[in-house]
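J.: Contents of work.csv (CSV, C-alpha atoms and all ligand atoms) are given next:
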chain,number,residue,atom,x,y,z
A,1,MET,CA,3.0,-13.9,0.0
A,2,ILE,CA,-0.2,-12.3,-1.3
A,3,ALA,CA,-1.5,-13.3,-4.7
A,4,PRO,CA,1.4,-15.4,-5.9
A,5,ASP,CA,-0.3,-15.9,-9.3
A,6,TRP,CA,0.0,-12.1,-9.9
A,7,LEU,CA,3.6,-11.5,-8.8
A,8,ARG,CA,6.7,-11.9,-11.0
A,9,GLU,CA,8.5,-13.9,-8.4
A,10,ASP,CA,11.6,-14.0,-10.5
A,11,ARG,CA,11.9,-10.2,-10.1
A,12,LEU,CA,11.8,-10.3,-6.3
A,13,PRO,CA,13.1,-9.0,-4.0
A,14,HIS,CA,12.2,-5.6,-5.5
A,15,ILE,CA,14.4,-2.5,-5.5
A,16,TYR,CA,12.5,-0.7,-2.7
A,17,CYS,CA,14.5,0.2,0.4
A,18,THR,CA,14.0,-1.6,3.6
A,19,GLY,CA,10.7,-0.6,5.1
A,20,CYS,CA,9.4,1.3,2.1
A,21,GLY,CA,5.6,1.4,2.1
A,22,ASN,CA,5.3,0.8,-1.6
A,23,GLY,CA,5.6,-3.0,-1.2
A,24,SER,CA,2.6,-3.1,1.2
A,25,VAL,CA,0.6,-1.1,-1.3
A,26,ILE,CA,1.3,-3.7,-4.0
A,27,ASN,CA,0.1,-6.4,-1.6
A,28,CYS,CA,-3.2,-4.5,-0.9
A,29,THR,CA,-3.8,-3.9,-4.6
A,30,LEU,CA,-3.2,-7.5,-5.5
A,31,ALA,CA,-5.5,-8.6,-2.7
A,32,ALA,CA,-8.2,-6.3,-4.1
A,33,VAL,CA,-7.6,-7.6,-7.6
A,34,GLU,CA,-8.0,-11.2,-6.4
A,35,GLU,CA,-11.2,-10.2,-4.6
A,36,MET,CA,-12.6,-8.7,-7.8
A,37,GLY,CA,-11.9,-12.0,-9.5
A,38,TRP,CA,-10.2,-10.2,-12.5
A,39,LYS,CA,-8.3,-12.2,-15.0
A,40,ARG,CA,-4.7,-11.5,-15.7
A,41,ASP,CA,-5.1,-11.2,-19.4
A,42,GLU,CA,-7.9,-8.7,-19.0
A,43,THR,CA,-6.0,-6.4,-16.6
A,44,ALA,CA,-3.3,-3.8,-17.3
A,45,PHE,CA,-1.1,-1.9,-14.8
A,46,ILE,CA,0.2,1.4,-15.9
A,47,SER,CA,2.6,3.8,-14.3
A,48,GLY,CA,4.9,6.8,-14.9
A,49,ILE,CA,8.4,7.2,-13.4
A,50,GLY,CA,9.4,7.1,-9.7
A,51,CYS,CA,9.9,4.4,-7.0
A,52,SER,CA,6.1,4.1,-6.9
A,53,SER,CA,5.9,3.7,-10.6
A,54,ARG,CA,8.2,0.7,-10.5
A,55,ALA,CA,5.3,-1.4,-9.1
A,56,PRO,CA,3.8,-2.7,-12.4
A,57,GLY,CA,7.2,-4.2,-13.1
A,58,TYR,CA,6.6,-6.8,-10.4
A,59,ILE,CA,3.2,-7.8,-11.6
A,60,LEU,CA,2.5,-10.5,-14.1
A,61,THR,CA,0.1,-8.8,-16.5
A,62,ASP,CA,0.4,-6.4,-19.4
A,63,SER,CA,1.9,-3.2,-18.2
A,64,LEU,CA,3.1,0.2,-19.4
A,65,HIS,CA,5.9,1.9,-17.6
A,66,THR,CA,5.6,5.2,-19.3
A,67,THR,CA,7.2,8.7,-19.2
A,68,HIS,CA,7.3,10.8,-16.1
A,69,GLY,CA,3.8,12.2,-15.3
A,70,ARG,CA,2.1,10.7,-18.2
A,71,ALA,CA,0.7,7.5,-16.8
A,72,LEU,CA,-2.9,8.8,-16.8
A,73,ALA,CA,-2.6,9.9,-20.5
A,74,PHE,CA,-1.4,6.4,-21.5
A,75,ALA,CA,-4.1,4.8,-19.3
A,76,THR,CA,-6.8,6.9,-20.9
A,77,GLY,CA,-5.6,5.7,-24.3
A,78,VAL,CA,-5.7,2.1,-23.2
A,79,LYS,CA,-9.2,2.5,-21.9
A,80,MET,CA,-10.4,4.2,-25.0
A,81,ALA,CA,-9.0,1.6,-27.3
A,82,LYS,CA,-10.0,-1.4,-25.1
A,83,PRO,CA,-12.8,-0.5,-22.7
A,84,ASP,CA,-13.0,-4.2,-21.6
A,85,VAL,CA,-9.5,-4.1,-20.0
A,86,ASN,CA,-9.4,-3.3,-16.3
A,87,VAL,CA,-6.9,-0.5,-15.9
A,88,VAL,CA,-5.0,0.2,-12.7
A,89,VAL,CA,-2.5,3.1,-12.5
A,90,PHE,CA,0.3,3.3,-9.9
A,91,THR,CA,1.7,6.7,-9.5
A,92,GLY,CA,3.6,8.9,-7.1
A,93,ASP,CA,3.0,12.3,-5.7
A,94,GLY,CA,5.6,13.9,-8.0
A,95,ASP,CA,4.5,11.9,-11.0
A,96,LEU,CA,0.8,12.7,-10.4
A,97,ALA,CA,0.7,16.2,-8.9
A,98,ALA,CA,3.8,17.9,-10.2
A,99,ILE,CA,4.7,17.0,-13.8
A,100,GLY,CA,1.4,15.2,-14.3
A,101,GLY,CA,-0.9,17.6,-12.6
A,102,ASN,CA,-2.9,18.5,-15.6
A,103,HIS,CA,-3.4,14.9,-16.7
A,104,PHE,CA,-4.7,14.2,-13.1
A,105,ILE,CA,-7.4,16.9,-13.1
A,106,HIS,CA,-8.5,16.1,-16.6
A,107,ALA,CA,-8.7,12.3,-16.0
A,108,CYS,CA,-10.9,13.0,-13.0
A,109,ARG,CA,-13.0,15.5,-15.0
A,110,ARG,CA,-13.5,12.9,-17.8
A,111,ASN,CA,-14.0,10.3,-15.2
A,112,VAL,CA,-12.3,7.6,-17.2
A,113,ASP,CA,-13.1,4.2,-15.7
A,114,MET,CA,-9.9,3.2,-14.0
A,115,THR,CA,-8.4,2.8,-10.6
A,116,VAL,CA,-5.6,5.3,-9.7
A,117,ILE,CA,-3.4,4.5,-6.7
A,118,CYS,CA,-1.1,7.2,-5.7
A,119,MET,CA,1.7,6.3,-3.3
A,120,ASN,CA,2.1,9.7,-1.7
A,121,ASN,CA,5.4,9.7,0.2
A,122,GLN,CA,5.5,13.5,0.2
A,123,ILE,CA,8.8,13.6,-1.6
A,124,TYR,CA,10.6,12.7,-4.9
A,125,GLY,CA,11.9,9.4,-3.6
A,126,MET,CA,13.7,8.0,-6.7
A,127,THR,CA,15.8,11.1,-7.5
A,128,GLY,CA,17.1,11.5,-4.0
A,129,GLY,CA,14.6,13.5,-1.9
A,130,GLN,CA,13.6,16.8,-3.6
A,131,GLY,CA,10.5,18.5,-2.4
A,132,SER,CA,7.2,17.7,-4.2
A,133,PRO,CA,3.8,19.5,-4.3
A,134,THR,CA,2.7,17.4,-1.3
A,135,THR,CA,5.8,18.1,0.9
A,136,PRO,CA,4.2,19.6,4.0
A,137,THR,CA,4.9,23.2,5.0
A,138,GLY,CA,8.0,23.2,7.2
A,139,ALA,CA,9.3,19.8,6.0
A,140,PHE,CA,12.9,19.4,5.0
A,141,SER,CA,14.1,18.0,1.7
A,142,THR,CA,17.1,18.5,-0.5
A,143,THR,CA,15.4,21.4,-2.2
A,144,THR,CA,13.8,22.9,0.9
A,145,PRO,CA,16.8,22.9,3.3
A,146,TYR,CA,15.2,25.6,5.5
A,147,GLY,CA,11.8,23.8,5.5
A,148,ALA,CA,9.2,24.0,2.8
A,149,SER,CA,7.6,27.4,2.7
A,150,GLU,CA,4.8,26.5,0.3
A,151,PRO,CA,1.5,24.9,1.3
A,152,ALA,CA,0.9,21.3,0.1
A,153,PHE,CA,-1.7,19.9,-2.2
A,154,ASP,CA,-4.4,17.7,-0.7
A,155,LEU,CA,-4.5,15.1,-3.6
A,156,ALA,CA,-7.7,13.4,-2.4
A,157,GLU,CA,-9.6,16.7,-2.1
A,158,LEU,CA,-8.2,17.7,-5.5
A,159,ALA,CA,-9.7,14.5,-7.0
A,160,VAL,CA,-13.1,15.2,-5.4
A,161,ALA,CA,-13.1,18.7,-6.7
A,162,ALA,CA,-12.1,17.6,-10.2
A,163,GLY,CA,-14.9,15.0,-10.4
A,164,ALA,CA,-13.6,11.5,-9.7
A,165,ASN,CA,-16.5,9.1,-8.9
A,166,TYR,CA,-14.7,7.5,-5.9
A,167,VAL,CA,-12.1,9.0,-3.7
A,168,ALA,CA,-10.5,7.5,-0.6
A,169,ARG,CA,-7.4,8.0,1.4
A,170,TRP,CA,-5.5,5.6,3.8
A,171,THR,CA,-1.9,4.9,4.7
A,172,SER,CA,0.4,2.0,4.0
A,173,TYR,CA,-0.1,1.1,7.7
A,174,HIS,CA,-3.8,0.6,7.4
A,175,VAL,CA,-3.6,-2.4,5.1
A,176,LYS,CA,-7.0,-3.9,5.7
A,177,GLU,CA,-8.9,-0.6,5.2
A,178,LEU,CA,-6.8,0.2,2.2
A,179,THR,CA,-7.5,-3.1,0.6
A,180,LYS,CA,-11.2,-2.5,1.1
A,181,ALA,CA,-11.0,1.0,-0.3
A,182,ILE,CA,-9.2,-0.3,-3.4
A,183,THR,CA,-11.8,-3.0,-3.9
A,184,THR,CA,-14.6,-0.5,-3.6
A,185,GLY,CA,-12.8,1.8,-6.1
A,186,MET,CA,-12.5,-1.0,-8.6
A,187,GLN,CA,-16.2,-1.8,-8.3
A,188,THR,CA,-17.2,1.8,-8.9
A,189,PRO,CA,-17.6,2.8,-12.5
A,190,GLY,CA,-15.6,5.9,-13.4
A,191,LEU,CA,-12.3,7.1,-12.0
A,192,ALA,CA,-11.5,5.8,-8.6
A,193,PHE,CA,-8.7,7.7,-6.8
A,194,ILE,CA,-7.0,6.2,-3.8
A,195,GLU,CA,-4.3,8.2,-2.1
A,196,VAL,CA,-2.0,6.2,0.1
A,197,ARG,CA,0.3,8.0,2.4
A,198,THR,CA,3.4,5.8,2.4
A,199,GLN,CA,6.6,5.9,4.4
A,200,CYS,CA,9.8,6.7,2.7
A,201,PRO,CA,12.3,6.3,5.5
A,202,THR,CA,15.2,6.8,3.1
A,203,ASN,CA,14.4,10.2,1.7
A,204,PHE,CA,11.5,11.8,3.6
A,205,GLY,CA,12.4,10.2,6.9
A,206,ARG,CA,16.1,11.0,6.7
A,207,HIS,CA,15.6,14.7,6.3
A,208,ASN,CA,12.8,15.0,8.9
A,209,LYS,CA,14.0,13.1,12.0
A,210,LEU,CA,12.0,10.1,11.0
A,211,ARG,CA,14.8,7.9,9.8
A,212,SER,CA,13.6,4.9,11.8
A,213,ILE,CA,10.7,2.8,10.3
A,214,PRO,CA,8.6,2.8,13.5
A,215,ASP,CA,8.9,6.6,13.7
A,216,MET,CA,7.7,6.9,10.1
A,217,ILE,CA,4.8,4.6,10.8
A,218,GLU,CA,3.9,6.6,13.9
A,219,TYR,CA,4.0,9.8,11.9
A,220,LEU,CA,1.5,8.3,9.5
A,221,ARG,CA,-0.7,6.6,12.0
A,222,GLY,CA,-0.7,9.6,14.5
A,223,ASN,CA,-1.6,12.2,11.9
A,224,ALA,CA,-4.4,10.1,10.2
A,225,MET,CA,-7.9,11.1,11.4
A,226,LEU,CA,-11.1,9.4,10.3
A,227,ARG,CA,-13.1,11.7,8.2
A,228,ALA,CA,-16.2,11.5,10.4
A,229,LYS,CA,-14.2,12.6,13.4
A,230,TYR,CA,-12.6,15.4,11.5
A,231,ASP,CA,-15.9,16.7,10.3
A,232,ARG,CA,-17.3,16.5,13.8
A,233,LEU,CA,-14.3,18.5,15.2
A,234,VAL,CA,-14.7,21.1,12.5
A,235,GLU,CA,-18.4,21.4,13.3
A,236,GLU,CA,-17.6,21.8,17.0
A,237,GLY,CA,-15.0,24.4,16.1
A,238,ALA,CA,-12.4,22.4,18.0
A,239,ASP,CA,-8.7,22.7,17.4
A,240,ILE,CA,-7.3,20.2,14.8
A,241,PRO,CA,-3.6,19.4,15.3
A,242,GLU,CA,-1.3,20.6,12.6
A,243,GLY,CA,-0.3,17.9,10.1
A,244,THR,CA,-3.6,16.0,10.5
A,245,PHE,CA,-5.0,14.5,7.3
A,246,THR,CA,-8.3,12.7,6.9
A,247,VAL,CA,-8.6,9.0,6.1
A,248,GLY,CA,-11.6,7.1,4.8
A,249,GLU,CA,-13.9,7.4,1.9
A,250,LEU,CA,-14.2,11.0,0.7
A,251,VAL,CA,-16.7,10.6,-2.1
A,252,ARG,CA,-18.6,7.9,-3.9
A,253,ARG,CA,-21.0,9.2,-6.6
A,254,ARG,CA,-22.3,8.5,-10.1
A,255,ARG,CA,-21.2,11.2,-12.4
A,256,PRO,CA,-21.2,10.1,-16.1
A,257,ALA,CA,-18.1,8.1,-16.8
A,258,MET,CA,-16.0,7.3,-19.9
A,259,GLY,CA,-14.7,3.9,-21.0
A,260,VAL,CA,-16.9,1.8,-18.8
A,261,LYS,CA,-17.0,-1.9,-19.6
A,262,GLN,CA,-20.2,-2.8,-21.4
B,1,MET,CA,-0.2,-24.4,9.1
B,2,LYS,CA,3.2,-23.1,9.8
B,3,LEU,CA,4.4,-19.5,9.5
B,4,VAL,CA,7.6,-19.0,7.6
B,5,ILE,CA,9.8,-16.0,6.6
B,6,ASP,CA,11.5,-16.3,3.2
B,7,GLU,CA,15.1,-15.2,4.1
B,8,SER,CA,15.9,-14.6,0.4
B,9,ARG,CA,13.4,-11.8,0.4
B,10,CYS,CA,13.2,-10.3,3.9
B,11,LYS,CA,15.0,-7.0,4.2
B,12,GLY,CA,14.6,-6.8,8.0
B,13,CYS,CA,12.3,-3.8,8.2
B,14,ASN,CA,10.6,-5.3,11.3
B,15,LEU,CA,7.1,-4.1,10.2
B,16,CYS,CA,5.9,-7.5,11.1
B,17,VAL,CA,7.2,-7.0,14.6
B,18,LEU,CA,5.2,-3.8,14.8
B,19,VAL,CA,1.9,-5.3,13.7
B,20,CYS,CA,1.5,-8.8,15.1
B,21,PRO,CA,-1.0,-8.7,18.0
B,22,TYR,CA,0.7,-11.7,19.6
B,23,GLY,CA,4.3,-10.5,19.4
B,24,ILE,CA,5.2,-13.6,17.4
B,25,PHE,CA,7.8,-11.7,15.4
B,26,GLN,CA,10.8,-10.6,17.5
B,27,GLU,CA,13.6,-8.4,16.3
B,28,GLY,CA,16.5,-10.7,15.3
B,29,THR,CA,20.0,-10.3,16.4
B,30,GLU,CA,22.1,-12.1,13.8
B,31,LEU,CA,23.0,-11.2,10.3
B,32,ASN,CA,22.2,-13.8,7.7
B,33,THR,CA,24.3,-14.5,4.6
B,34,ARG,CA,22.6,-11.6,2.7
B,35,GLY,CA,23.6,-9.2,5.5
B,36,VAL,CA,20.0,-8.9,6.8
B,37,VAL,CA,18.8,-9.3,10.3
B,38,VAL,CA,15.7,-11.3,9.8
B,39,PRO,CA,13.1,-11.4,12.7
B,40,VAL,CA,12.9,-14.5,14.8
B,41,LEU,CA,9.6,-16.3,15.5
B,42,ASP,CA,8.5,-16.7,19.1
B,43,ARG,CA,6.1,-19.7,19.4
B,44,PRO,CA,4.5,-19.2,16.0
B,45,GLU,CA,1.9,-21.8,16.7
B,46,ARG,CA,0.0,-19.1,18.5
B,47,CYS,CA,-0.7,-17.3,15.2
B,48,THR,CA,-4.5,-17.0,14.6
B,49,ASN,CA,-4.1,-18.0,11.0
B,50,CYS,CA,-1.9,-21.0,11.7
B,51,ARG,CA,-4.6,-22.3,14.1
B,52,LEU,CA,-7.8,-21.5,12.3
B,53,GLN,CA,-7.3,-21.0,8.6
B,54,HIS,CA,-8.5,-24.6,7.8
B,55,LEU,CA,-11.5,-24.3,10.1
B,56,TYR,CA,-12.7,-21.0,8.6
B,57,GLY,CA,-11.5,-21.7,5.0
B,58,ARG,CA,-9.9,-18.2,4.7
B,59,VAL,CA,-7.0,-16.2,5.9
B,60,LEU,CA,-7.5,-14.9,9.4
B,61,CYS,CA,-5.7,-11.9,10.8
B,62,GLY,CA,-3.0,-12.0,8.2
B,63,LEU,CA,-1.7,-8.5,9.1
B,64,CYS,CA,2.0,-9.5,8.9
B,65,HIS,CA,1.4,-11.1,5.5
B,66,MET,CA,-0.4,-8.1,4.2
B,67,ILE,CA,2.1,-5.4,5.5
B,68,CYS,CA,5.3,-7.3,4.7
B,69,PRO,CA,6.6,-5.0,1.9
B,70,ASP,CA,8.9,-7.7,0.6
B,71,GLN,CA,6.3,-10.5,0.2
B,72,ALA,CA,8.4,-12.6,2.5
B,73,ILE,CA,5.8,-14.0,4.9
B,74,SER,CA,3.7,-17.1,4.1
B,75,TRP,CA,2.2,-20.1,5.6
B,76,VAL,CA,3.1,-23.7,4.6
B,77,GLU,CA,1.1,-26.8,5.3
B,78,GLU,CA,2.5,-29.1,7.9
B,79,LYS,CA,1.6,-32.6,9.0
B,80,PRO,CA,-1.1,-32.7,11.7
B,81,PHE,CA,0.2,-33.4,15.1
B,82,GLU,CA,0.1,-37.0,16.3
B,83,PRO,CA,-2.6,-37.3,19.0
B,84,HIS,CA,-0.9,-37.9,22.4
B,85,ARG,CA,-2.5,-39.3,25.5
B,86,VAL,CA,-1.9,-36.9,28.3
B,87,GLU,CA,-1.7,-38.3,31.8
B,88,VAL,CA,-1.8,-36.0,34.6
B,89,GLU,CA,-0.1,-37.2,37.8
B,90,PHE,CA,-1.1,-35.7,41.1
C,301,LIG,C1,10.5,14.3,-17.8
C,301,LIG,C2,11.2,13.9,-16.6
C,301,LIG,N1,11.6,14.8,-15.7
C,301,LIG,C3,12.2,14.5,-14.6
C,301,LIG,C4,12.5,13.2,-14.4
C,301,LIG,C5,13.3,12.8,-13.1
C,301,LIG,N2,12.5,12.1,-12.2
C,301,LIG,C6,12.5,10.8,-12.1
C,301,LIG,S1,11.5,10.2,-10.8
C,301,LIG,C7,11.1,11.8,-10.4
C,301,LIG,C8,10.2,12.1,-9.2
C,301,LIG,C9,9.4,11.0,-8.7
C,301,LIG,O1,8.7,11.3,-7.6
C,301,LIG,P1,7.4,10.6,-7.3
C,301,LIG,O2,6.5,10.5,-8.4
C,301,LIG,O3,6.8,11.2,-6.0
C,301,LIG,O4,7.8,9.1,-7.0
C,301,LIG,P2,8.6,8.4,-5.8
C,301,LIG,O5,9.9,8.0,-6.3
C,301,LIG,O6,8.5,9.3,-4.7
C,301,LIG,O7,7.7,7.2,-5.5
C,301,LIG,C10,11.7,12.7,-11.2
C,301,LIG,C11,11.6,14.2,-11.0
C,301,LIG,C12,12.2,12.2,-15.4
C,301,LIG,N3,12.5,10.9,-15.2
C,301,LIG,N4,11.6,12.6,-16.5
C,302,LIG,S1,13.6,6.1,-1.8
C,302,LIG,FE1,11.8,6.1,-0.5
C,302,LIG,S2,10.0,5.7,-1.9
C,302,LIG,FE2,12.0,5.1,-3.0
C,302,LIG,S3,12.2,2.9,-2.5
C,302,LIG,FE3,13.4,4.1,-1.0
C,302,LIG,S4,12.0,4.3,0.7
C,302,LIG,FE4,10.7,3.7,-1.0
C,303,LIG,S1,-1.3,-13.6,10.9
C,303,LIG,FE1,-1.7,-12.2,12.6
C,303,LIG,S2,-1.4,-13.4,14.5
C,303,LIG,FE2,-0.5,-14.6,12.8
C,303,LIG,S3,1.7,-14.0,12.8
C,303,LIG,FE3,0.6,-12.6,11.3
C,303,LIG,S4,0.1,-10.8,12.5
C,303,LIG,FE4,0.6,-12.4,14.0
C,304,LIG,S1,7.8,-7.4,7.4
C,304,LIG,FE1,8.7,-8.8,5.9
C,304,LIG,S2,10.6,-7.9,5.2
C,304,LIG,FE2,10.0,-6.8,7.0
C,304,LIG,S3,11.1,-7.9,8.7
C,304,LIG,FE3,9.1,-8.8,8.5
C,304,LIG,S4,9.4,-10.6,7.1
C,304,LIG,FE4,11.2,-9.2,6.9
C,305,MG,MG,7.0,10.6,-4.1
Would you write out, as structure tokens, the structure that this file holds?
Ligand SMILES: Cc1ncc(C[n+]2csc(CCOP(=O)(O)OP(=O)(O)O)c2C)c(N)n1
Ligand code: SF4
Ligand code: SF4
Ligand code: SF4
Ligand SMILES: [Mg+2]
T.:
Amino acid sequence: MIAPDWLREDRLPHIYCTGCGNGSVINCTLAAVEEMGWKRDETAFISGIGCSSRAPGYILTDSLHTTHGRALAFATGVKMAKPDVNVVVFTGDGDLAAIGGNHFIHACRRNVDMTVICMNNQIYGMTGGQGSPTTPTGAFSTTTPYGASEPAFDLAELAVAAGANYVARWTSYHVKELTKAITTGMQTPGLAFIEVRTQCPTNFGRHNKLRSIPDMIEYLRGNAMLRAKYDRLVEEGADIPEGTFTVGELVRRRRPAMGVKQ
Amino acid sequence: MKLVIDESRCKGCNLCVLVCPYGIFQEGTELNTRGVVVPVLDRPERCTNCRLQHLYGRVLCGLCHMICPDQAISWVEEKPFEPHRVEVEF
């Protein structure tokens, strides 16, 4: 077990389904926190509502499990009141980009000093598999029974455009790279946004012929493309397979930030 | 060091089977008392971390430990092996 000092062992095993990627993301985050040498009483985990947002409940620090979509608003409040607290937000694609979309862009614009980890399973997991703003075109869900007809949001690109100081994307399969990205995000002053594509075999997989866990992992691994390679292919004008998403660091910069520890 | 799976946590997702470069985790076949098919370990002493953690003073490889979504994999200390004299007969 990673970081036993940070886990509420009495709450384990957690509620996540067999093979859900959220548990791996908790591991990577706690490994990053240990690497940062943060203290438990100087760290707060904040979340909204969703499977992903259950994560702070398994961590032994102060935490806020808030209302759906509002994690970033509460986190901003914590940071403004106590800039010395290290703030980590766990959120889901529905929580962050649907009901909480406005909080997302404005937290990035304000560049509030915190680490936002979005477990993007491309579906509303907790409520039974409705389509979310990141459900890919053509994907099935309970609200898109004929395949989603809308284009999906690219959350990492959205954070870049809105002004976050650090943006990276990985998957819950790339545990080492993800841990490194979270650590770098925590070290960067300003808002660090890390999008993690996670597997949800129960609700995304079940509707999209990816019910088995290895199939879901292959779907993530196979569609992930390093950003450098992606940029090279675009430059060469080569064909990029449908469904490909970039992984790696998307931006690291020094825009003025709010709530930075003195 | 010895590799162990905590059966009270494992949900049998077999992600560890997928990632271990040595194939130490093998899909199990028997249900345990919680109704979970926990993977079985095939010669776990081959694990990089079991062999070398003490030498390097940090976790090596550790992929299974990191990806296990249910925090079920860990290493426990074990007594060092007794040194044996090996005689080879021709
Ligand atoms: C104001 C409000 N609207 C709707 C809901 C119902 N609801 C709970 S979780 C959820 C979606 C969660 O999706 P996501 O953020 O992607 O999390 P996941 O479960 O996929 O990790 C919804 C719509 C709610 N709890 N509160
Ligand atoms: S419904 Fe999906 S996201 Fe929620 S716990 Fe199950 S696998 Fe994970
Ligand atoms: S640490 Fe690496 S080598 Fe050892 S069991 Fe885990 S995945 Fe296999
Ligand atoms: S990864 Fe963890 S929960 Fe999944 S089968 Fe292996 S030990 Fe069990
Ligand atoms: Mg979701």
J.: Could you list the residues in chain B lying within 10 Å of chain A, using all atoms listed in the file, and format the result as a PDB file with C-alpha atoms, in the frame of the given file?
T.:
ATOM      1  CA  ILE B   5       9.800 -16.000   6.600  1.00  0.00           C
ATOM      2  CA  ASP B   6      11.500 -16.300   3.200  1.00  0.00           C
ATOM      3  CA  SER B   8      15.900 -14.600   0.400  1.00  0.00           C
ATOM      4  CA  ARG B   9      13.400 -11.800   0.400  1.00  0.00           C
ATOM      5  CA  CYS B  10      13.200 -10.300   3.900  1.00  0.00           C
ATOM      6  CA  LYS B  11      15.000  -7.000   4.200  1.00  0.00           C
ATOM      7  CA  GLY B  12      14.600  -6.800   8.000  1.00  0.00           C
ATOM      8  CA  CYS B  13      12.300  -3.800   8.200  1.00  0.00           C
ATOM      9  CA  ASN B  14      10.600  -5.300  11.300  1.00  0.00           C
ATOM     10  CA  LEU B  15       7.100  -4.100  10.200  1.00  0.00           C
ATOM     11  CA  VAL B  17       7.200  -7.000  14.600  1.00  0.00           C
ATOM     12  CA  LEU B  18       5.200  -3.800  14.800  1.00  0.00           C
ATOM     13  CA  VAL B  19       1.900  -5.300  13.700  1.00  0.00           C
ATOM     14  CA  VAL B  36      20.000  -8.900   6.800  1.00  0.00           C
ATOM     15  CA  CYS B  61      -5.700 -11.900  10.800  1.00  0.00           C
ATOM     16  CA  GLY B  62      -3.000 -12.000   8.200  1.00  0.00           C
ATOM     17  CA  LEU B  63      -1.700  -8.500   9.100  1.00  0.00           C
ATOM     18  CA  CYS B  64       2.000  -9.500   8.900  1.00  0.00           C
ATOM     19  CA  HIS B  65       1.400 -11.100   5.500  1.00  0.00           C
ATOM     20  CA  MET B  66      -0.400  -8.100   4.200  1.00  0.00           C
ATOM     21  CA  ILE B  67       2.100  -5.400   5.500  1.00  0.00           C
ATOM     22  CA  CYS B  68       5.300  -7.300   4.700  1.00  0.00           C
ATOM     23  CA  PRO B  69       6.600  -5.000   1.900  1.00  0.00           C
ATOM     24  CA  ASP B  70       8.900  -7.700   0.600  1.00  0.00           C
ATOM     25  CA  GLN B  71       6.300 -10.500   0.200  1.00  0.00           C
ATOM     26  CA  ALA B  72       8.400 -12.600   2.500  1.00  0.00           C
ATOM     27  CA  ILE B  73       5.800 -14.000   4.900  1.00  0.00           C
ATOM     28  CA  SER B  74       3.700 -17.100   4.100  1.00  0.00           C
ATOM     29  CA  TRP B  75       2.200 -20.100   5.600  1.00  0.00           C
TER      30      TRP B  75
END
J.: Using all atoms listed in the file, which protein or nucleic acid residues are at most 10 Å from ligand LIG 302 (chain C), as a VMD selection string?
T.: chain A and resid 14 to 23 50 to 54 92 119 to 129 198 to 206 213
J.: From the options B:Tyr22, B:Leu55, B:Glu7, B:Val88, which residue's atoms come nearest to ligand LIG 304 (chain C), counting all atoms listed in the file?
T.: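 Of all the options, B:Glu7 lies closest to ligand LIG 304 (chain C).
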J.: Work out how far apart atom CA of Thr61 of chain A and atom CA of Leu191 of chain A are and give it in Å to one decimal.
T.: 20.7 Å
J.: Taking all atoms of segment 39-54 of chain B that the file lists and extending 3 Å past them on each side, where is the centre of the axis-aligned box and how long are its edges? Answer in Å to one decimal, as AutoDock Vina command-line options.
T.:
--center_x 2.3 --center_y -18.0 --center_z 13.6 --size_x 27.6 --size_y 19.2 --size_z 17.6
J.: Can you work out the spacing between atom CA of Ala164 of chain A and atom CA of Val251 of chain A in Å, to one decimal?
T.: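 Atom CA of Val251 of chain A lies at a distance of 8.3 Å from atom CA of Ala164 of chain A.
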J.: Under the rule that only C-alpha atoms and all ligand atoms are counted, which of A:Thr134, A:Thr76, A:Asn208, A:Thr29 is the nearest residue to ligand LIG 301 (chain C)?
T.: A:Thr134
J.: Fewer than 4 positions away in the same chain doesn't count, so skip those; otherwise give me all residues within 10 Å of segment 37-41 of chain A, counting all atoms listed in the file, as a ChimeraX atom specification.
T.: /A:5-6,31-33,59-62,85-86
J.: Would you save the residues from that selection as a compact mmCIF listing (two decimals), in the coordinates of the input, using C-alpha atoms?
T.:
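Saved to part01.txt:
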# COMPACT_ATOMS: atom_id res chain seq x y z
CA ASP A 5 -0.30 -15.90 -9.30
CA TRP A 6 0.00 -12.10 -9.90
CA ALA A 31 -5.50 -8.60 -2.70
CA ALA A 32 -8.20 -6.30 -4.10
CA VAL A 33 -7.60 -7.60 -7.60
CA ILE A 59 3.20 -7.80 -11.60
CA LEU A 60 2.50 -10.50 -14.10
CA THR A 61 0.10 -8.80 -16.50
CA ASP A 62 0.40 -6.40 -19.40
CA VAL A 85 -9.50 -4.10 -20.00
CA ASN A 86 -9.40 -3.30 -16.30
J.: Find the residue from A:Ala162, A:Ala107, A:Ile117, A:Ile240 that sits nearest to Phe193 of chain A; use only C-alpha atoms when measuring.
T.: A:Ile117
J.: Which distance in Å separates atom CA of Asp154 of chain A and atom CA of Thr183 of chain A, to one decimal?
T.: 22.2 Å
J.: Restricting the calculation to all atoms listed in the file, which member of B:Val38, B:Glu87, B:Cys47, B:Met1 is positioned closest to ligand LIG 303 (chain C)?
T.: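 Nearest to ligand LIG 303 (chain C): B:Cys47.
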J.: In terms of the shortest atom-to-atom distance over all atoms listed in the file, which of A:Met258, A:Leu226, A:Ala181, A:Cys118 is closest to ligand MG 305 (chain C)?
T.: A:Cys118
J.: Please determine, counting all atoms listed in the file, which residue among A:Ile49, A:Val112, A:Ile194, A:Val87 has the shortest atom-to-atom distance to ligand MG 305 (chain C).
T.: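 Smallest separation from ligand MG 305 (chain C) among the options: A:Ile49.
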J.: Skip Lys229 of chain A itself and residues of its chain fewer than 4 positions away, then list as a list in words all residues within 10 Å of it, counting only C-alpha atoms.
T.: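 In the requested format, the answer is Met225, Leu233, Val234, Glu235, Thr246 and Val247 of chain A.
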J.: At a cut-off of 7 Å from (5.6, 22.2, -4.9) in the coordinates of the file, what residues are picked up using only C-alpha atoms, written as a ChimeraX atom specification?
T.: /A:131-134,150,152
